[in-house]
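So this block is protein.txt, compact mmCIF, C-alpha atoms:
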# COMPACT_ATOMS: atom_id res chain seq x y z
CA MET A 1 10.00 25.58 2.22
CA THR A 2 6.26 25.16 2.10
CA THR A 3 5.78 24.17 -1.53
CA LEU A 4 6.98 21.09 -3.36
CA SER A 5 9.62 21.95 -5.96
CA PRO A 6 8.96 19.84 -9.01
CA THR A 7 11.74 18.02 -10.80
CA PRO A 8 11.24 16.10 -14.05
CA ARG A 9 10.45 12.89 -12.23
CA THR A 10 8.04 14.48 -9.78
CA THR A 11 6.14 16.50 -12.37
CA LEU A 12 2.90 14.79 -13.25
CA THR A 13 2.57 14.26 -16.97
CA ARG A 14 -1.18 13.73 -16.89
CA LYS A 15 -4.17 14.56 -14.69
CA LYS A 16 -2.15 17.51 -13.46
CA HIS A 17 -5.19 18.84 -11.63
CA ARG A 18 -4.66 15.95 -9.24
CA ALA A 19 -1.27 17.22 -8.17
CA ALA A 20 -1.06 18.80 -4.75
CA THR A 21 1.77 21.26 -4.44
CA ASP A 22 1.53 22.12 -0.78
CA ARG A 23 4.15 20.55 1.44
CA ALA A 24 1.48 20.14 4.11
CA HIS A 25 -0.28 17.64 1.85
CA LEU A 26 2.91 15.61 1.58
CA HIS A 27 3.32 15.57 5.33
CA GLU A 28 -0.32 14.62 5.86
CA VAL A 29 -0.16 11.63 3.52
CA LEU A 30 3.08 10.41 5.05
CA ASP A 31 1.76 10.87 8.58
CA GLN A 32 -1.53 9.07 7.95
CA GLY A 33 -0.01 6.10 6.13
CA MET A 34 1.32 3.17 8.09
CA ILE A 35 3.40 1.26 5.55
CA CYS A 36 5.44 2.65 2.69
CA HIS A 37 6.44 0.79 -0.43
CA LEU A 38 10.18 1.09 -0.97
CA GLY A 39 11.34 0.66 -4.56
CA LEU A 40 14.90 0.02 -5.57
CA VAL A 41 16.78 -1.51 -8.47
CA LEU A 42 18.50 -4.85 -7.75
CA ASN A 43 20.49 -6.47 -10.54
CA GLY A 44 18.75 -4.23 -13.03
CA SER A 45 15.24 -5.20 -11.94
CA PRO A 46 12.78 -3.22 -9.83
CA VAL A 47 11.95 -4.49 -6.35
CA VAL A 48 9.09 -3.08 -4.26
CA LEU A 49 8.91 -3.94 -0.58
CA PRO A 50 6.56 -2.90 2.22
CA THR A 51 8.58 -1.08 4.86
CA GLY A 52 7.98 0.70 8.17
CA TYR A 53 8.79 4.37 8.35
CA GLY A 54 8.27 7.62 10.18
CA ARG A 55 8.66 11.31 9.38
CA ASP A 56 10.45 14.08 11.22
CA GLY A 57 10.18 17.41 9.45
CA ASP A 58 11.42 16.84 5.93
CA THR A 59 13.26 13.63 6.71
CA LEU A 60 11.75 10.20 6.27
CA TYR A 61 13.27 7.46 8.40
CA LEU A 62 13.08 3.85 7.25
CA HIS A 63 13.80 0.96 9.50
CA GLY A 64 14.88 -2.61 8.97
CA SER A 65 17.20 -5.39 9.97
CA THR A 66 20.88 -5.23 9.10
CA GLY A 67 20.28 -8.73 7.71
CA SER A 68 17.95 -7.44 5.01
CA GLY A 69 19.67 -7.49 1.64
CA ASN A 70 17.18 -5.05 0.22
CA LEU A 71 17.72 -2.55 2.97
CA ARG A 72 21.47 -2.94 2.62
CA ALA A 73 21.11 -2.25 -1.10
CA ALA A 74 19.01 0.83 -0.36
CA ALA A 75 21.71 2.03 2.05
CA THR A 76 24.44 2.10 -0.58
CA GLY A 77 23.31 5.45 -1.90
CA ALA A 78 21.47 4.12 -4.95
CA ASP A 79 18.28 5.82 -6.04
CA VAL A 80 15.19 4.73 -4.17
CA CYS A 81 11.53 5.58 -4.53
CA VAL A 82 9.22 5.55 -1.53
CA THR A 83 5.47 5.60 -2.11
CA VAL A 84 2.68 5.88 0.44
CA THR A 85 -0.90 5.46 -0.73
CA LEU A 86 -4.11 6.11 1.20
CA LEU A 87 -7.24 4.68 -0.38
CA ASP A 88 -10.21 6.87 0.54
CA GLY A 89 -13.06 5.55 -1.58
CA ILE A 90 -14.32 3.55 -4.53
CA VAL A 91 -15.91 5.82 -7.12
CA TYR A 92 -18.89 4.31 -8.96
CA ALA A 93 -19.75 6.27 -12.09
CA ARG A 94 -22.68 5.59 -14.40
CA SER A 95 -20.15 4.52 -17.03
CA LEU A 96 -17.64 1.77 -16.36
CA ASN A 97 -14.91 3.90 -17.89
CA ASN A 98 -15.35 6.62 -15.27
CA HIS A 99 -15.14 4.27 -12.31
CA SER A 100 -12.22 5.39 -10.21
CA MET A 101 -10.70 5.51 -6.76
CA ASN A 102 -10.42 8.38 -4.33
CA TYR A 103 -6.92 8.30 -2.96
CA ARG A 104 -3.97 10.33 -1.80
CA SER A 105 -0.48 9.21 -2.69
CA ALA A 106 2.98 10.55 -1.98
CA VAL A 107 5.99 9.57 -4.09
CA VAL A 108 9.46 10.45 -2.82
CA HIS A 109 12.61 10.07 -4.90
CA GLY A 110 16.11 10.27 -3.54
CA ARG A 111 19.12 8.52 -2.20
CA ALA A 112 18.84 7.07 1.24
CA ARG A 113 21.49 7.71 3.82
CA ASP A 114 22.51 4.91 6.19
CA VAL A 115 22.34 6.64 9.56
CA GLN A 116 25.52 5.86 11.49
CA ASP A 117 25.58 8.59 14.12
CA PRO A 118 24.25 6.86 17.28
CA ASP A 119 22.19 9.85 18.40
CA GLU A 120 20.52 10.29 15.04
CA LYS A 121 20.03 6.55 14.70
CA MET A 122 18.27 6.40 18.07
CA HIS A 123 16.23 9.44 17.06
CA GLY A 124 15.27 7.66 13.83
CA LEU A 125 14.14 4.60 15.78
CA HIS A 126 12.10 6.87 18.02
CA VAL A 127 10.45 8.50 15.02
CA VAL A 128 9.66 5.17 13.34
CA THR A 129 8.34 3.65 16.59
CA GLU A 130 6.13 6.61 17.41
CA HIS A 131 4.73 6.55 13.90
CA LEU A 132 3.83 2.87 14.15
CA ALA A 133 2.88 2.68 17.81
CA PRO A 134 2.44 6.11 19.43
CA GLY A 135 3.22 5.99 23.13
CA SER A 136 5.33 2.85 23.00
CA TRP A 137 8.64 4.68 23.21
CA GLU A 138 7.82 5.74 26.77
CA HIS A 139 5.98 2.57 27.74
CA ALA A 140 8.10 -0.32 26.47
CA ARG A 141 11.54 -1.59 27.41
CA ALA A 142 14.27 0.48 25.75
CA VAL A 143 16.53 -0.76 22.99
CA ASN A 144 19.71 -2.36 24.32
CA ALA A 145 23.14 -2.23 22.69
CA LYS A 146 22.84 -5.58 20.92
CA GLU A 147 19.41 -4.73 19.55
CA PHE A 148 20.62 -1.28 18.52
CA ALA A 149 23.41 -2.88 16.49
CA SER A 150 21.03 -5.30 14.80
CA VAL A 151 18.87 -2.68 13.13
CA SER A 152 19.49 -0.24 10.33
CA VAL A 153 17.97 3.18 10.03
CA LEU A 154 17.91 4.93 6.68
CA ALA A 155 17.17 8.61 6.20
CA LEU A 156 15.60 9.98 3.05
CA ASP A 157 15.24 13.68 2.39
CA LEU A 158 11.79 14.82 1.25
CA GLY A 159 13.22 17.36 -1.16
CA GLU A 160 12.08 15.54 -4.27
CA ALA A 161 8.50 14.46 -3.79
CA SER A 162 5.08 14.68 -5.36
CA VAL A 163 1.57 14.23 -4.05
CA LYS A 164 -1.39 13.15 -6.13
CA LEU A 165 -4.96 12.88 -5.02
CA ARG A 166 -8.48 12.34 -6.22
CA ASP A 167 -11.51 13.15 -4.15
CA GLY A 168 -15.18 13.98 -4.59
CA GLY A 169 -17.86 12.29 -6.66
CA PRO A 170 -17.69 10.58 -10.02
CA SER A 171 -16.91 12.36 -13.27
CA GLU A 172 -19.52 11.60 -15.90
CA GLU A 173 -20.04 11.99 -19.61
CA PRO A 174 -23.00 14.25 -20.47
CA GLU A 175 -25.06 11.34 -21.86
CA ASP A 176 -24.66 9.43 -18.60
CA VAL A 177 -25.90 12.21 -16.38
CA ALA A 178 -29.31 11.63 -18.01
CA SER A 179 -29.30 7.89 -17.20
CA ASP A 180 -31.22 7.98 -13.98
CA HIS A 181 -31.50 4.18 -13.69
CA ILE A 182 -27.78 3.75 -13.04
CA TRP A 183 -26.55 4.46 -9.53
CA ALA A 184 -23.46 6.60 -9.06
CA GLY A 185 -21.59 7.72 -6.01
CA VAL A 186 -18.76 6.89 -3.69
CA VAL A 187 -18.24 4.04 -1.24
CA PRO A 188 -15.85 5.37 1.42
CA VAL A 189 -12.89 3.21 2.41
CA GLN A 190 -11.41 3.60 5.85
CA THR A 191 -8.61 1.97 7.80
CA ILE A 192 -9.56 1.36 11.42
CA PHE A 193 -7.95 -0.03 14.53
CA GLY A 194 -9.74 -2.75 16.48
CA ALA A 195 -9.78 -3.28 20.23
CA PRO A 196 -6.37 -4.28 21.63
CA VAL A 197 -5.86 -8.01 22.15
CA SER A 198 -3.52 -8.76 25.06
CA ALA A 199 -0.76 -11.32 24.56
CA ASP A 200 -1.45 -14.63 26.31
CA TYR A 201 1.35 -14.02 28.86
CA VAL A 202 -0.18 -10.72 30.00
CA PRO A 203 -1.90 -11.39 33.34
CA ASP A 204 -5.69 -11.55 33.28
CA GLY A 205 -7.17 -8.24 34.33
CA ALA A 206 -4.01 -6.25 33.64
CA PRO A 207 -5.06 -2.78 32.50
CA ILE A 208 -4.71 -1.94 28.83
CA PRO A 209 -2.75 1.33 28.66
CA ALA A 210 -4.48 4.29 27.07
CA HIS A 211 -1.94 4.67 24.28
CA VAL A 212 -2.96 1.41 22.61
CA ASN A 213 -6.65 2.29 22.47
CA ARG A 214 -6.32 3.98 19.13
CA GLU A 215 -8.68 6.20 17.24
CA PRO A 216 -9.65 5.28 13.70
CA ALA A 217 -6.57 5.75 11.57
CA ARG A 218 -8.40 8.00 9.13
CA MET B 1 0.48 -25.65 -10.05
CA THR B 2 -0.44 -25.20 -6.42
CA THR B 3 2.90 -24.23 -4.94
CA LEU B 4 5.02 -21.18 -5.60
CA SER B 5 8.24 -22.09 -7.38
CA PRO B 6 11.01 -19.99 -5.90
CA THR B 7 13.52 -18.20 -8.09
CA PRO B 8 16.51 -16.29 -6.68
CA ARG B 9 14.57 -13.05 -6.47
CA THR B 10 11.52 -14.62 -4.85
CA THR B 11 13.45 -16.64 -2.27
CA LEU B 12 13.40 -14.93 1.08
CA THR B 13 16.88 -14.41 2.43
CA ARG B 14 15.76 -13.84 6.01
CA LYS B 15 12.79 -14.63 8.25
CA LYS B 16 12.15 -17.59 5.98
CA HIS B 17 9.53 -18.86 8.40
CA ARG B 18 7.42 -15.97 7.20
CA ALA B 19 7.32 -17.27 3.64
CA ALA B 20 4.09 -18.82 2.49
CA THR B 21 4.57 -21.31 -0.28
CA ASP B 22 1.01 -22.14 -1.10
CA ARG B 23 -0.38 -20.59 -4.25
CA ALA B 24 -3.69 -20.14 -2.46
CA HIS B 25 -2.00 -17.62 -0.14
CA LEU B 26 -0.82 -15.63 -3.13
CA HIS B 27 -4.30 -15.56 -4.59
CA GLU B 28 -5.83 -14.58 -1.26
CA VAL B 29 -3.52 -11.61 -0.77
CA LEU B 30 -4.06 -10.39 -4.32
CA ASP B 31 -7.82 -10.82 -4.07
CA GLN B 32 -8.14 -9.01 -0.74
CA GLY B 33 -5.93 -6.07 -1.69
CA MET B 34 -7.41 -3.14 -3.53
CA ILE B 35 -4.36 -1.26 -4.83
CA CYS B 36 -1.06 -2.68 -5.97
CA HIS B 37 2.24 -0.85 -6.04
CA LEU B 38 3.82 -1.18 -9.48
CA GLY B 39 7.58 -0.79 -9.57
CA LEU B 40 9.58 -0.17 -12.69
CA VAL B 41 12.89 1.33 -13.69
CA LEU B 42 12.73 4.64 -15.56
CA ASN B 43 15.98 6.25 -16.70
CA GLY B 44 17.84 4.01 -14.30
CA SER B 45 15.81 5.00 -11.24
CA PRO B 46 13.08 3.06 -9.49
CA VAL B 47 9.51 4.36 -9.69
CA VAL B 48 6.69 2.98 -7.53
CA LEU B 49 3.11 3.87 -8.39
CA PRO B 50 -0.25 2.87 -6.95
CA THR B 51 -2.22 1.04 -9.62
CA GLY B 52 -5.56 -0.70 -9.97
CA TYR B 53 -5.55 -4.38 -10.78
CA GLY B 54 -7.48 -7.62 -10.78
CA ARG B 55 -6.63 -11.31 -10.90
CA ASP B 56 -7.91 -14.10 -13.13
CA GLY B 57 -6.31 -17.44 -12.32
CA ASP B 58 -2.58 -16.90 -12.53
CA THR B 59 -2.77 -13.70 -14.53
CA LEU B 60 -2.76 -10.26 -12.97
CA TYR B 61 -4.34 -7.51 -15.06
CA LEU B 62 -3.26 -3.91 -14.57
CA HIS B 63 -5.20 -1.01 -15.92
CA GLY B 64 -4.36 2.54 -16.82
CA SER B 65 -4.64 5.31 -19.33
CA THR B 66 -2.77 5.13 -22.62
CA GLY B 67 -1.56 8.61 -21.68
CA SER B 68 0.36 7.32 -18.68
CA GLY B 69 4.08 7.33 -19.38
CA ASN B 70 4.72 4.91 -16.57
CA LEU B 71 2.20 2.41 -17.85
CA ARG B 72 3.63 2.77 -21.35
CA ALA B 73 7.07 2.06 -19.94
CA ALA B 74 5.75 -1.00 -18.12
CA ALA B 75 4.19 -2.20 -21.38
CA THR B 76 7.49 -2.30 -23.25
CA GLY B 77 8.43 -5.66 -21.78
CA ALA B 78 10.81 -4.32 -19.17
CA ASP B 79 10.94 -6.00 -15.78
CA VAL B 80 8.28 -4.89 -13.34
CA CYS B 81 7.58 -5.71 -9.73
CA VAL B 82 4.03 -5.64 -8.38
CA THR B 83 3.53 -5.66 -4.62
CA VAL B 84 0.28 -5.90 -2.66
CA THR B 85 0.41 -5.47 1.11
CA LEU B 86 -2.36 -6.08 3.64
CA LEU B 87 -1.73 -4.63 7.08
CA ASP B 88 -3.48 -6.79 9.69
CA GLY B 89 -2.23 -5.44 13.01
CA ILE B 90 0.25 -3.46 15.03
CA VAL B 91 2.27 -5.73 17.32
CA TYR B 92 3.20 -4.21 20.68
CA ALA B 93 5.95 -6.17 22.40
CA ARG B 94 7.33 -5.48 25.86
CA SER B 95 10.58 -4.43 24.18
CA LEU B 96 10.68 -1.71 21.57
CA ASN B 97 12.88 -3.88 19.40
CA ASN B 98 10.22 -6.59 19.09
CA HIS B 99 7.48 -4.23 18.04
CA SER B 100 6.28 -5.35 14.66
CA MET B 101 3.40 -5.48 12.22
CA ASN B 102 1.13 -8.32 11.27
CA TYR B 103 0.80 -8.26 7.53
CA ARG B 104 0.51 -10.31 4.39
CA SER B 105 2.37 -9.23 1.28
CA ALA B 106 2.66 -10.60 -2.22
CA VAL B 107 5.53 -9.65 -4.52
CA VAL B 108 5.31 -10.54 -8.20
CA HIS B 109 8.21 -10.21 -10.64
CA GLY B 110 7.91 -10.43 -14.39
CA ARG B 111 7.47 -8.67 -17.66
CA ALA B 112 4.10 -7.21 -18.35
CA ARG B 113 2.38 -7.87 -21.65
CA ASP B 114 0.43 -5.04 -23.30
CA VAL B 115 -2.86 -6.76 -24.09
CA GLN B 116 -3.82 -5.99 -27.69
CA ASP B 117 -6.35 -8.69 -28.49
CA PRO B 118 -9.73 -6.94 -28.13
CA ASP B 119 -11.41 -9.90 -26.45
CA GLU B 120 -8.68 -10.36 -23.88
CA LYS B 121 -8.46 -6.61 -23.35
CA MET B 122 -12.20 -6.43 -22.63
CA HIS B 123 -11.82 -9.46 -20.35
CA GLY B 124 -8.99 -7.70 -18.51
CA LEU B 125 -11.15 -4.61 -18.01
CA HIS B 126 -13.91 -6.86 -16.68
CA VAL B 127 -11.50 -8.49 -14.22
CA VAL B 128 -10.09 -5.16 -13.01
CA THR B 129 -13.57 -3.61 -12.68
CA GLU B 130 -15.01 -6.56 -10.78
CA HIS B 131 -12.04 -6.51 -8.44
CA LEU B 132 -12.51 -2.81 -7.67
CA ALA B 133 -16.29 -2.59 -7.80
CA PRO B 134 -17.99 -6.01 -7.82
CA GLY B 135 -21.33 -5.88 -9.62
CA SER B 136 -20.56 -2.75 -11.60
CA TRP B 137 -19.84 -4.60 -14.82
CA GLU B 138 -23.50 -5.63 -15.07
CA HIS B 139 -24.92 -2.44 -13.58
CA ALA B 140 -23.08 0.40 -15.28
CA ARG B 141 -22.99 1.66 -18.85
CA ALA B 142 -20.65 -0.45 -21.00
CA VAL B 143 -17.35 0.78 -22.38
CA ASN B 144 -17.71 2.35 -25.82
CA ALA B 145 -15.16 2.18 -28.65
CA LYS B 146 -13.55 5.52 -27.88
CA GLU B 147 -13.20 4.69 -24.19
CA PHE B 148 -11.89 1.23 -25.04
CA ALA B 149 -9.13 2.78 -27.15
CA SER B 150 -8.17 5.23 -24.40
CA VAL B 151 -7.21 2.60 -21.84
CA SER B 152 -4.36 0.15 -21.63
CA VAL B 153 -4.54 -3.27 -20.06
CA LEU B 154 -1.35 -5.04 -19.05
CA ALA B 155 -1.13 -8.72 -18.18
CA LEU B 156 1.42 -10.10 -15.75
CA ASP B 157 1.92 -13.79 -15.20
CA LEU B 158 2.03 -14.91 -11.58
CA GLY B 159 4.73 -17.49 -12.26
CA GLU B 160 7.41 -15.68 -10.26
CA ALA B 161 5.92 -14.54 -6.98
CA SER B 162 6.46 -14.75 -3.26
CA VAL B 163 4.22 -14.27 -0.26
CA LYS B 164 5.38 -13.19 3.15
CA LEU B 165 3.30 -12.88 6.26
CA ARG B 166 3.44 -12.32 9.96
CA ASP B 167 0.59 -13.09 12.30
CA GLY B 168 -0.03 -13.89 15.95
CA GLY B 169 1.20 -12.19 19.08
CA PRO B 170 4.50 -10.50 19.87
CA SER B 171 7.83 -12.29 20.06
CA GLU B 172 9.61 -11.53 23.32
CA GLU B 173 13.02 -11.94 24.87
CA PRO B 174 12.96 -14.17 27.96
CA GLU B 175 13.74 -11.26 30.30
CA ASP B 176 10.75 -9.33 28.97
CA VAL B 177 8.24 -12.09 29.57
CA ALA B 178 8.83 -11.50 33.29
CA SER B 179 8.10 -7.76 33.03
CA ASP B 180 4.46 -7.80 33.95
CA HIS B 181 4.15 -4.02 34.12
CA ILE B 182 4.59 -3.60 30.36
CA TRP B 183 1.57 -4.30 28.19
CA ALA B 184 1.98 -6.44 25.10
CA GLY B 185 -0.43 -7.56 22.46
CA VAL B 186 -1.85 -6.75 19.08
CA VAL B 187 -4.02 -3.89 17.87
CA PRO B 188 -5.90 -5.21 14.83
CA VAL B 189 -6.01 -3.09 11.68
CA GLN B 190 -8.88 -3.45 9.30
CA THR B 191 -9.94 -1.84 6.06
CA ILE B 192 -13.67 -1.21 5.93
CA PHE B 193 -16.19 0.19 3.51
CA GLY B 194 -18.56 2.93 4.63
CA ALA B 195 -22.15 3.49 3.61
CA PRO B 196 -22.51 4.46 -0.08
CA VAL B 197 -22.83 8.20 -0.73
CA SER B 198 -24.96 8.95 -3.80
CA ALA B 199 -23.68 11.48 -6.31
CA ASP B 200 -25.50 14.80 -6.17
CA TYR B 201 -27.17 14.19 -9.56
CA VAL B 202 -28.73 10.92 -8.42
CA PRO B 203 -32.44 11.63 -7.73
CA ASP B 204 -33.42 11.82 -4.08
CA GLY B 205 -34.89 8.53 -2.93
CA ALA B 206 -33.34 6.50 -5.75
CA PRO B 207 -32.58 3.04 -4.41
CA ILE B 208 -28.98 2.16 -3.69
CA PRO B 209 -28.27 -1.12 -5.49
CA ALA B 210 -27.27 -4.09 -3.38
CA HIS B 211 -23.87 -4.51 -5.01
CA VAL B 212 -22.53 -1.23 -3.58
CA ASN B 213 -23.45 -2.10 0.01
CA ARG B 214 -20.17 -3.80 0.65
CA GLU B 215 -19.04 -6.02 3.46
CA PRO B 216 -15.91 -5.11 5.40
CA ALA B 217 -12.99 -5.60 3.04
CA ARG B 218 -11.20 -7.90 5.45
Can the structure from this file be put into C-alpha cells for me?
Amino acid sequence: MTTLSPTPRTTLTRKKHRAATDRAHLHEVLDQGMICHLGLVLNGSPVVLPTGYGRDGDTLYLHGSTGSGNLRAAATGADVCVTVTLLDGIVYARSLNNHSMNYRSAVVHGRARDVQDPDEKMHGLHVVTEHLAPGSWEHARAVNAKEFASVSVLALDLGEASVKLRDGGPSEEPEDVASDHIWAGVVPVQTIFGAPVSADYVPDGAPIPAHVNREPAR
Amino acid sequence: MTTLSPTPRTTLTRKKHRAATDRAHLHEVLDQGMICHLGLVLNGSPVVLPTGYGRDGDTLYLHGSTGSGNLRAAATGADVCVTVTLLDGIVYARSLNNHSMNYRSAVVHGRARDVQDPDEKMHGLHVVTEHLAPGSWEHARAVNAKEFASVSVLALDLGEASVKLRDGGPSEEPEDVASDHIWAGVVPVQTIFGAPVSADYVPDGAPIPAHVNREPAR
C-alpha cells in the first residue's frame, strides 16, 4: 500500500491542496519528528501528552512506563490520535492575514495495542530507541528483565492516517503584491543537535562515540 | 496568582519531581514554543491538531479559520487540552533503559471561549501574530473587515495547567556508573531560525527589515 486511504476523520475538510496522499510522506514526517503528541479521552475529556515513539514499516511503537496512567488508558484499546508536527518556516506575507507557517504534520487515528509478546516488545523498544538515539542499541547496556517488565510498548497501525503540509513562499492578495515597501518571505526554522556533552562521571578524555555526533535533524 | 493550582487532571501521578509549580515556568514554556497541539473529542474520538497560538497574561489565544471544523468544535465550549512541548536534549545513559529526553512541556485543560467582541478578537489576533512573527503587526498590512470575519479567535484560560520538565544528565543504575567503556551524556537539541528568504516578488536589493532577522528560538 503506497497511498493513504482516506476515512472520514482523515479527509481534510479544508485546504485540501495541503493534503499529501503518498505514504512516503507519512513515513518521512514520522521519521523526522522526535516527539509525538498522543491524544486520548480520559473521563470524557481530551488529554494530549508528548510521547517517544518509533516507526517500523506501517507500525508506530510508543513507549512509556507501566506506571503511567495515560499510557495504561491508551493500552485499553480506546481510540487514540497521534500527531507529529515539523515546523519548517515562518511565512511573512505583506498582509497580516496571510502570515502562515510552513510545516508538515502527520495525524494517525487508531486503537493502540499493548504489546505483550516478548519478542515484539523487545523489537518495539529497539525501534523506539533507534529512533531517539540511533546507535545506542548496540552501544549501551542491554535491557534486563526487571527493566523490561517496567516498561510498556504500544503498537499503533498506520492504516488510518493523514499528512498535511505547507511549503513555499507567502500567498498574497493582488493589492498587496503591489506594496513594495512591505517585506515578504520565509524565515526557515530548523531543529539541530548540538555537540555532545559528556556526563560528569565519564572519564576526562574518553572518546565520544561517532553515533552521538549527530547531523542536523532536518 | 504565581503558583499553579493543581486539579486532579493536572496533578502528576508519577515522576512528581518533574513537576514545575511556578507559574513563570508555564509562561516560559508557552512563550518559547511556536506551535501548540490542540486536543479535542470529536464523535467520541480524540483529535490532536497543530495550532498557532499566543499568550497574554493568563489567557492563551488560538487562531484559525472559521472554515475549520475542528476549531468550530473547540469553540462550542467542549473540553479541550492544549499541549506545548520543547525538546531540549537527547539523554544517552549507559543503560538503554535510562535513555531519556530533556524537555519542558505545558498541558492546559479548559473550555475555550469563541471571542466575539471585536476589540478582544483584534487583540487576540495581535497576540497570536506577535507570538509567531514579532514585529509583523506594525510592519505588515492590517487586517481588513472581510479578513477579520474569516478568522476565529479562541481564548483559553490558563487556570488549569501543569508543567513538566526534565533536565540535566542521565540517571544511572549503580552498576552502570562503573562501566567506563559506555559513553553517557546529553546531545542538546535546539530550534533555530535561518536567514530570511525574500519572496520572489520582493524587488532585488530591498532591505530585509530588522524584525525578521531572528535570534535562535531557544
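All residues that come within 10 Å of the coordinates (-8.4, -11.6, -20.3), counting all atoms listed in the file, are given as Arg55, Asp56, Thr59, Leu60, Tyr61, Val115, Asp117, Pro118, Asp119, Glu120, Lys121, Met122, His123, Gly124, Leu125, His126, Val127, Val128, Val153, Leu154 and Ala155 of chain B.
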Writer output for current selection, C-alpha atoms, as a PDB file, keeping the file's coordinate frame:
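For reference, result.pdb as written:
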ATOM      1  CA  ARG B  55      -6.630 -11.310 -10.900  1.00  0.00           C
ATOM      2  CA  ASP B  56      -7.910 -14.100 -13.130  1.00  0.00           C
ATOM      3  CA  THR B  59      -2.770 -13.700 -14.530  1.00  0.00           C
ATOM      4  CA  LEU B  60      -2.760 -10.260 -12.970  1.00  0.00           C
ATOM      5  CA  TYR B  61      -4.340  -7.510 -15.060  1.00  0.00           C
ATOM      6  CA  VAL B 115      -2.860  -6.760 -24.090  1.00  0.00           C
ATOM      7  CA  ASP B 117      -6.350  -8.690 -28.490  1.00  0.00           C
ATOM      8  CA  PRO B 118      -9.730  -6.940 -28.130  1.00  0.00           C
ATOM      9  CA  ASP B 119     -11.410  -9.900 -26.450  1.00  0.00           C
ATOM     10  CA  GLU B 120      -8.680 -10.360 -23.880  1.00  0.00           C
ATOM     11  CA  LYS B 121      -8.460  -6.610 -23.350  1.00  0.00           C
ATOM     12  CA  MET B 122     -12.200  -6.430 -22.630  1.00  0.00           C
ATOM     13  CA  HIS B 123     -11.820  -9.460 -20.350  1.00  0.00           C
ATOM     14  CA  GLY B 124      -8.990  -7.700 -18.510  1.00  0.00           C
ATOM     15  CA  LEU B 125     -11.150  -4.610 -18.010  1.00  0.00           C
ATOM     16  CA  HIS B 126     -13.910  -6.860 -16.680  1.00  0.00           C
ATOM     17  CA  VAL B 127     -11.500  -8.490 -14.220  1.00  0.00           C
ATOM     18  CA  VAL B 128     -10.090  -5.160 -13.010  1.00  0.00           C
ATOM     19  CA  VAL B 153      -4.540  -3.270 -20.060  1.00  0.00           C
ATOM     20  CA  LEU B 154      -1.350  -5.040 -19.050  1.00  0.00           C
ATOM     21  CA  ALA B 155      -1.130  -8.720 -18.180  1.00  0.00           C
TER      22      ALA B 155
END
_Residues within 12 Å of B:Ala133, please, as a ChimeraX atom specification. Count only C-alpha atoms; anything in the same chain fewer than 2 positions from it doesn't count._
/A:89-93,96,98-101,184-187 /B:34,52-54,125-131,135-140,193,210-214,217
*Suppose you want the space between atom CA of B:Ala161 and atom CA of B:Leu26; what is it in Å?*
7.8 Å
*Mind listing as JSON, numbers by chain all residues within 10 Å of (-3.2, -18.3, -10.3), counting all atoms listed in the file?*
{"B": [1, 2, 4, 23, 24, 26, 27, 30, 55, 56, 57, 58, 59, 60, 157, 158, 159]}
*From B:Ile192, B:Ala142, B:Val107, B:Ile182, residue lying nearest A:Leu49 [all atoms listed in the file]*: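 The closest residue to A:Leu49 is B:Val107.
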*Give the answer as one residue: which of B:Pro46, B:Glu173, B:Ala74, B:Asp88 has the shortest atom-to-atom distance to chain A, using only C-alpha atoms?*
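For chain A, the nearest of the given residues is B:Pro46.
The space separating atom CA of B:Glu28 from atom CA of B:Ala75 comes to 25.7 Å.
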_Separation of atom CA of A:Ser105 from atom CA of A:Cys36 in Å_ =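 Between atom CA of A:Cys36 and atom CA of A:Ser105 the gap works out to 10.3 Å.
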*So, counting only C-alpha atoms, which residue among A:Asp31, A:Leu62, A:Leu71, A:Arg94 is closest to A:Ser171?*
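The answer is A:Arg94, which sits nearest to A:Ser171.
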*asked:* Under the rule that only C-alpha atoms are counted, which of B:Ser152, B:Gln32, B:Asn43, B:Ser95 is the nearest residue to chain A?
replied: B:Ser95
*Surrounding residues of A:Ala106 excluding itself and chain neighbours under 2 positions, 12 Å, only C-alpha atoms, as a PyMOL selection string*: (chain A and resi 4+10+18-33+35-38+81-87+103-104+108-109+158+160-165) or (chain B and resi 47-50)
_So that I can see what lies close to B:Pro203, please list as a ChimeraX atom specification the residues with an atom at most 12 Å from it, counting all atoms listed in the file and leaving out residues fewer than 2 positions away in the same chain._
/A:177-185 /B:198-201,205-208
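The nearest approach to chain A among the residues B:Leu42, B:Ser150, B:Arg111, B:Val80, with all atoms listed in the file taken into account, belongs to B:Val80.
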*asked:* Let me make sure I understand: among B:Val189, B:Leu156, B:Ala73, B:Val151, which one has the smallest atom-to-atom distance to chain A if we use all atoms listed in the file?
replied: B:Val189
